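Q: What follows is start01.cif, mmCIF, C-alpha atoms.
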data_my_file
#
loop_
_atom_site.label_atom_id
_atom_site.label_comp_id
_atom_site.auth_asym_id
_atom_site.auth_seq_id
_atom_site.Cartn_x
_atom_site.Cartn_y
_atom_site.Cartn_z
CA MET R 1 -15.08 -7.39 48.01
CA THR R 2 -14.86 -4.92 45.12
CA GLU R 3 -11.31 -3.74 44.47
CA SER R 4 -10.44 -0.06 44.19
CA TRP R 5 -10.44 1.81 40.89
CA LEU R 6 -6.69 2.38 41.30
CA LEU R 7 -5.94 -1.34 41.67
CA THR R 8 -8.25 -2.21 38.76
CA SER R 9 -6.47 0.35 36.58
CA TRP R 10 -3.08 -1.02 37.59
CA ARG R 11 -4.14 -4.56 36.67
CA ILE R 12 -5.41 -3.35 33.31
CA LEU R 13 -2.17 -1.49 32.62
CA ARG R 14 -0.22 -4.68 33.32
CA THR R 15 -2.27 -6.75 30.88
CA ARG R 16 0.02 -7.31 27.90
CA ASP R 17 -2.50 -7.32 25.05
CA TRP R 18 -4.25 -4.23 26.43
CA PHE R 19 -0.96 -2.40 27.00
CA LEU R 20 0.61 -3.14 23.60
CA SER R 21 -2.57 -2.45 21.63
CA THR R 22 -3.08 0.82 23.51
CA ALA R 23 0.54 1.82 22.90
CA GLY R 24 0.25 1.02 19.18
CA TYR R 25 -3.00 2.93 18.86
CA THR R 26 -1.56 5.88 20.78
CA ALA R 27 1.03 6.26 18.02
CA LEU R 28 -1.84 6.18 15.49
CA THR R 29 -3.78 8.77 17.47
CA PHE R 30 -0.67 10.95 17.34
CA VAL R 31 -0.86 10.68 13.53
CA LEU R 32 -4.59 11.39 13.44
CA GLY R 33 -4.14 14.47 15.63
CA ALA R 34 -1.34 15.80 13.44
CA PHE R 35 -3.33 15.14 10.26
CA GLY R 36 -6.60 16.55 11.58
CA THR R 37 -4.95 19.74 12.84
CA TRP R 38 -2.43 20.54 10.14
CA ALA R 39 -3.51 18.87 6.87
CA ASN R 40 -5.62 21.78 5.64
CA LEU R 41 -2.87 24.31 6.28
CA LEU R 42 -0.35 21.96 4.66
CA LEU R 43 -2.36 21.76 1.44
CA VAL R 44 -2.95 25.50 1.29
CA ARG R 45 0.41 26.89 2.39
CA ASP R 46 2.89 24.27 1.21
CA LYS R 47 1.04 22.51 -1.62
CA GLY R 48 -0.54 25.60 -3.19
CA MET R 49 -4.20 24.56 -3.07
CA SER R 50 -7.04 26.98 -2.42
CA VAL R 51 -8.71 26.95 0.99
CA GLN R 52 -11.96 25.69 -0.52
CA GLY R 53 -10.22 23.07 -2.67
CA ALA R 54 -8.22 21.76 0.27
CA GLY R 55 -11.32 21.52 2.46
CA ILE R 56 -13.32 19.64 -0.17
CA ALA R 57 -10.44 17.29 -1.01
CA LEU R 58 -9.78 16.42 2.64
CA GLY R 59 -13.47 15.99 3.39
CA VAL R 60 -14.06 13.59 0.50
CA VAL R 61 -10.84 11.66 1.09
CA THR R 62 -11.45 11.29 4.83
CA LEU R 63 -15.05 10.17 4.34
CA LEU R 64 -14.34 7.58 1.65
CA ALA R 65 -11.01 6.29 2.95
CA GLY R 66 -12.21 6.28 6.56
CA ALA R 67 -15.33 4.27 5.78
CA ALA R 68 -13.53 1.83 3.47
CA GLY R 69 -10.68 1.34 5.93
CA THR R 70 -12.90 0.82 8.96
CA PHE R 71 -15.24 -1.72 7.36
CA GLY R 72 -12.48 -3.34 5.31
CA GLY R 73 -10.22 -3.77 8.32
CA GLY R 74 -12.98 -5.42 10.33
CA TRP R 75 -13.92 -7.71 7.44
CA VAL R 76 -10.34 -8.85 6.80
CA ALA R 77 -9.49 -9.30 10.48
CA ASP R 78 -12.59 -11.40 11.19
CA ARG R 79 -11.73 -13.76 8.35
CA LEU R 80 -8.12 -14.14 9.44
CA ILE R 81 -8.84 -14.67 13.13
CA ALA R 82 -10.22 -18.16 12.41
CA LYS R 83 -6.77 -19.14 11.07
CA ARG R 84 -4.48 -17.18 13.38
CA GLY R 85 -5.15 -16.30 17.00
CA ASN R 86 -3.06 -13.13 16.69
CA ALA R 87 -4.71 -11.94 13.44
CA TYR R 88 -6.07 -8.74 14.96
CA PHE R 89 -2.59 -7.65 16.00
CA LEU R 90 -1.17 -8.67 12.62
CA VAL R 91 -3.78 -6.67 10.69
CA CYS R 92 -3.03 -3.62 12.83
CA ALA R 93 0.73 -4.03 12.34
CA ALA R 94 0.36 -4.53 8.58
CA SER R 95 -1.93 -1.54 8.08
CA SER R 96 0.37 0.78 10.04
CA PHE R 97 3.30 -0.45 7.96
CA LEU R 98 1.43 -0.06 4.66
CA GLY R 99 0.55 3.53 5.54
CA ILE R 100 4.20 4.61 5.78
CA VAL R 101 4.99 4.88 2.05
CA PRO R 102 1.77 6.78 1.11
CA ALA R 103 2.47 9.17 3.99
CA PHE R 104 5.97 9.87 2.68
CA ILE R 105 4.65 10.34 -0.88
CA ALA R 106 1.90 12.70 0.32
CA LEU R 107 4.50 14.89 2.00
CA ALA R 108 7.21 14.73 -0.67
CA SER R 109 5.01 15.29 -3.75
CA PHE R 110 3.66 18.66 -4.85
CA ASN R 111 1.53 17.28 -7.67
CA PRO R 112 -2.13 17.05 -6.57
CA TRP R 113 -2.63 14.02 -8.85
CA VAL R 114 -0.03 12.29 -6.67
CA PHE R 115 -0.42 13.65 -3.14
CA ILE R 116 -4.25 13.47 -2.99
CA PRO R 117 -4.35 9.71 -3.83
CA ALA R 118 -1.41 9.23 -1.44
CA ILE R 119 -3.37 10.93 1.35
CA PHE R 120 -6.33 8.68 0.51
CA PHE R 121 -4.29 5.49 0.94
CA ALA R 122 -2.54 6.78 4.07
CA VAL R 123 -5.94 7.51 5.68
CA LEU R 124 -7.34 4.19 4.43
CA PHE R 125 -4.60 2.21 6.16
CA LEU R 126 -4.91 4.34 9.29
CA PHE R 127 -8.56 3.38 9.63
CA VAL R 128 -8.00 -0.31 8.90
CA ASN R 129 -6.64 -0.49 12.46
CA ASN R 130 -9.87 0.79 13.99
CA ALA R 131 -12.00 -2.37 14.20
CA PRO R 132 -9.32 -4.99 15.03
CA PHE R 133 -7.77 -2.69 17.63
CA HIS R 134 -11.05 -2.32 19.51
CA ALA R 135 -11.58 -6.08 19.30
CA ILE R 136 -8.17 -6.61 20.97
CA LEU R 137 -8.95 -4.00 23.59
CA ILE R 138 -12.30 -5.52 24.59
CA ASN R 139 -11.11 -9.14 24.51
CA SER R 140 -7.99 -8.44 26.58
CA VAL R 141 -9.89 -7.93 29.85
CA PRO R 142 -12.86 -9.60 31.61
CA PRO R 143 -16.39 -8.20 31.03
CA MET R 144 -16.64 -6.69 34.51
CA VAL R 145 -13.77 -4.24 33.86
CA ARG R 146 -14.22 -3.54 30.14
CA ALA R 147 -15.79 -0.11 30.66
CA THR R 148 -12.86 0.90 32.87
CA ALA R 149 -10.38 -0.51 30.34
CA VAL R 150 -11.97 1.50 27.52
CA ALA R 151 -12.06 4.67 29.63
CA LEU R 152 -8.40 4.27 30.59
CA ASN R 153 -7.51 3.66 26.96
CA ILE R 154 -9.33 6.80 25.81
CA VAL R 155 -7.50 8.96 28.34
CA ILE R 156 -4.09 7.54 27.42
CA ILE R 157 -4.40 7.65 23.62
CA HIS R 158 -5.51 11.27 23.67
CA ILE R 159 -3.09 12.61 26.31
CA MET R 160 -0.13 10.77 24.79
CA GLY R 161 -1.34 10.97 21.19
CA ASP R 162 -3.27 13.82 19.60
CA VAL R 163 -2.85 16.28 22.48
CA ILE R 164 0.90 16.11 21.94
CA SER R 165 0.84 16.08 18.14
CA ARG R 166 -1.53 19.04 17.82
CA PHE R 167 0.94 21.47 19.34
CA GLY R 168 4.09 19.37 18.85
CA VAL R 169 3.97 19.59 15.06
CA GLY R 170 3.59 23.35 15.33
CA VAL R 171 6.62 23.59 17.60
CA LEU R 172 8.62 21.39 15.22
CA SER R 173 7.56 23.50 12.25
CA ASP R 174 8.68 26.73 13.94
CA SER R 175 11.97 25.11 15.00
CA LEU R 176 12.68 23.85 11.49
CA GLY R 177 11.85 27.27 10.06
CA ALA R 178 14.39 28.74 12.47
CA GLY R 179 17.09 26.34 11.29
CA ARG R 180 16.99 23.93 14.20
CA ILE R 181 16.44 20.12 14.36
CA VAL R 182 19.13 19.32 11.81
CA VAL R 183 18.43 15.58 11.54
CA LEU R 184 14.79 16.02 10.54
CA ALA R 185 15.74 18.88 8.21
CA THR R 186 18.30 16.65 6.49
CA ILE R 187 15.72 13.89 5.95
CA ALA R 188 13.31 16.47 4.53
CA ARG R 189 15.90 17.78 2.07
CA LEU R 190 16.64 14.23 0.90
CA LEU R 191 12.94 13.99 -0.02
CA GLY R 192 13.12 17.23 -1.99
CA ILE R 193 11.38 19.37 0.65
CA GLU R 194 12.59 22.98 0.94
CA VAL R 195 12.75 23.17 4.72
CA GLU R 196 13.04 26.96 4.98
CA ARG R 197 9.86 27.47 2.95
CA GLN R 198 8.00 24.22 3.65
CA HIS R 199 8.85 23.67 7.29
CA LEU R 200 5.34 22.43 8.10
CA THR R 201 5.76 19.65 5.52
CA ALA R 202 9.12 18.79 7.07
CA ALA R 203 7.60 18.75 10.56
CA LEU R 204 4.90 16.32 9.43
CA LEU R 205 7.58 13.74 8.66
CA VAL R 206 6.88 12.64 12.24
CA VAL R 207 3.72 11.02 10.77
CA PRO R 208 5.45 8.14 8.92
CA ILE R 209 7.85 7.79 11.86
CA SER R 210 4.89 7.39 14.22
CA LEU R 211 3.35 4.84 11.85
CA LEU R 212 6.55 2.79 12.06
CA VAL R 213 6.41 2.95 15.87
CA SER R 214 2.78 1.82 15.75
CA CYS R 215 3.66 -1.06 13.43
CA LEU R 216 6.44 -2.29 15.72
CA LEU R 217 4.23 -2.15 18.81
CA PHE R 218 1.39 -4.05 17.15
CA PHE R 219 3.85 -6.60 15.76
CA TRP R 220 5.26 -7.04 19.27
CA GLY R 221 1.73 -7.76 20.40
CA ALA R 222 1.28 -10.32 17.60
CA VAL R 223 4.50 -12.10 18.55
CA THR R 224 3.83 -12.23 22.29
CA GLN R 225 0.09 -12.83 22.28
CA ARG R 226 -1.14 -16.04 23.91
CA ASN R 227 -4.52 -17.65 23.34
CA SER R 228 -4.91 -17.83 27.12
CA ALA R 229 -4.04 -14.17 27.66
CA SER R 230 -6.02 -12.81 30.54
CA TYR R 231 -6.38 -9.81 32.77
CA GLY R 232 -3.98 -9.85 35.68
CA SER R 233 -2.41 -13.15 34.57
CA ARG R 234 1.12 -14.13 33.51
CA GLU R 235 0.48 -12.16 30.32
CA ALA R 236 0.98 -8.94 32.26
CA VAL R 237 3.79 -6.72 31.04
CA SER R 238 6.81 -7.24 33.24
#
Starting from the file, lay out its structure as structure tokens.

A:
Amino acid sequence: MTESWLLTSWRILRTRDWFLSTAGYTALTFVLGAFGTWANLLLVRDKGMSVQGAGIALGVVTLLAGAAGTFGGGWVADRLIAKRGNAYFLVCAASSFLGIVPAFIALASFNPWVFIPAIFFAVLFLFVNNAPFHAILINSVPPMVRATAVALNIVIIHIMGDVISRFGVGVLSDSLGAGRIVVLATIARLLGIEVERQHLTAALLVVPISLLVSCLLFFWGAVTQRNSASYGSREAVS
């Protein structure tokens, strides 16, 4: 007898590899939403670039870094998986971690010769996750529920990721401009960011923080992964 969609979804949610990879990628989707929505305004308003210059720079950087990161991440992960059963999780964790410093530099610097390359490397490491993450997602459940698992993943990463970051960064920016959220404002000032004038830059400090969260979740997955992990088995999240 075919089980209900609700029960199938519950079993998928309790599958450890699926859950941890989805949680890690949700944090990345938060970053992608924040970047996609606010990067152009950041470069124009806080970094002093022209609208046209910002658009061209972001377009070229996203195209090149996105392509290199996606193909490079898949290539590296496939070569490591033969040596380590948790290589996909490790590649995802490492790339999220490696994106933290470029993200901080991109926000703290106001020299285009510094922040444009920093944005390139931050985007590059963001996209390295793409291929190994989807490999984890597909392999974590049996073939007969993979379409449902992917659909559930898509809903979660967008509702909990970019939907929140798109308006959340704006709310943070307005709050920082009004003198609220003292902790984040203090961190921004330590990085040389003038919060009162560059409150959008300060608000986007949630990007490297989200990358750290993503790294920790993927690393958790790498530590707990079992070669026999299966849908609905003992590998379910307790």

Q: Which residue gives the smallest distance to R:Arg166 among R:Gly221, R:Gly179, R:Gly24, R:Gly36, with all atoms listed in the file counted?

A: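 Smallest distance to R:Arg166 is found for R:Gly36.
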
Q: Counting only C-alpha atoms, which residue out of R:Thr224, R:Gln198, R:Ser95, R:Thr70 sits closest to R:Ala108?

A: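 Ranking R:Thr224, R:Gln198, R:Ser95, R:Thr70 by distance to R:Ala108, first place goes to R:Gln198.
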
Q: So what do you get for atom CA of R:Leu7 versus atom CA of R:Leu137, distance-wise?

A: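 Going from atom CA of R:Leu7 over to atom CA of R:Leu137, I get 18.5 Å.
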
Q: Can you work out which one of R:Asn153, R:Thr186, R:Asn139, R:Ser9 has the shortest atom-to-atom distance to R:Asn86, counting all atoms listed in the file?

A: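 Ranked by minimum distance to R:Asn86, first place goes to R:Asn139.
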
Q: Between R:Asn130, R:Ser96, R:Thr15, R:Thr148, single out the one closest to R:Val207, counting only C-alpha atoms.

A: R:Ser96

Q: What residues come out when you apply the PyMOL selection byres ((chain R and resi 203) around 10) to this file, written as a count of residues only?

A: 26

Q: Could you state the separation of atom CA of R:Phe121 and atom CA of R:Leu211 in Å, given to one decimal place?

A: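 Those two atoms sit 13.3 Å apart.
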
Q: Set up a box along x, y and z of the file covering all listed atoms of stretch 162-180 of chain R, add 4 Å on every one of the six sides, and write the centre and edge lengths in Å to one decimal, as JSON.

A:
{"center_x": 6.9, "center_y": 21.3, "center_z": 16.3, "size_x": 28.4, "size_y": 22.9, "size_z": 20.4}

Q: Could you write out as a list in words the residues that the PyMOL selection byres ((chain R and resi 39-42) around 8) matches in the shown file?

A: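 Selected by the PyMOL selection byres ((chain R and resi 39-42) around 8) in this file: Ala34, Phe35, Gly36, Thr37, Trp38, Leu43, Val44, Arg45, Asp46, Lys47, Val51, Ala54, Gly55, Leu58, Leu200 and Thr201 of chain R.
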
Q: Under the PyMOL selection byres ((chain R and resi 158) around 12), which residues of this model are included? Write them out as a list in words.

A: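 The output of the PyMOL selection byres ((chain R and resi 158) around 12) on this file is Thr22, Ala23, Tyr25, Thr26, Ala27, Leu28, Thr29, Phe30, Val31, Leu32, Gly33, Ala34, Ala151, Leu152, Asn153, Ile154, Val155, Ile156, Ile157, Ile159, Met160, Gly161, Asp162, Val163, Ile164, Ser165 and Arg166 of chain R.
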
Q: Check the smallest atom-to-atom distance from each of R:Val61, R:Met49, R:Val145, R:Ile136 to R:Cys92 using all atoms listed in the file, then report the winner.

A: R:Ile136

Q: Using Å and a single decimal, report how far atom CA of R:Asp78 sits from atom CA of R:Pro142.

A: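 Atom-to-atom, atom CA of R:Pro142 to atom CA of R:Asp78, that is 20.5 Å.
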
Q: R:Ala82, R:Val141, R:Ala57, R:Ala68: which is nearest R:Ile116, counting all atoms listed in the file?

A: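 Nearest candidate to R:Ile116 out of R:Ala82, R:Val141, R:Ala57, R:Ala68: R:Ala57.
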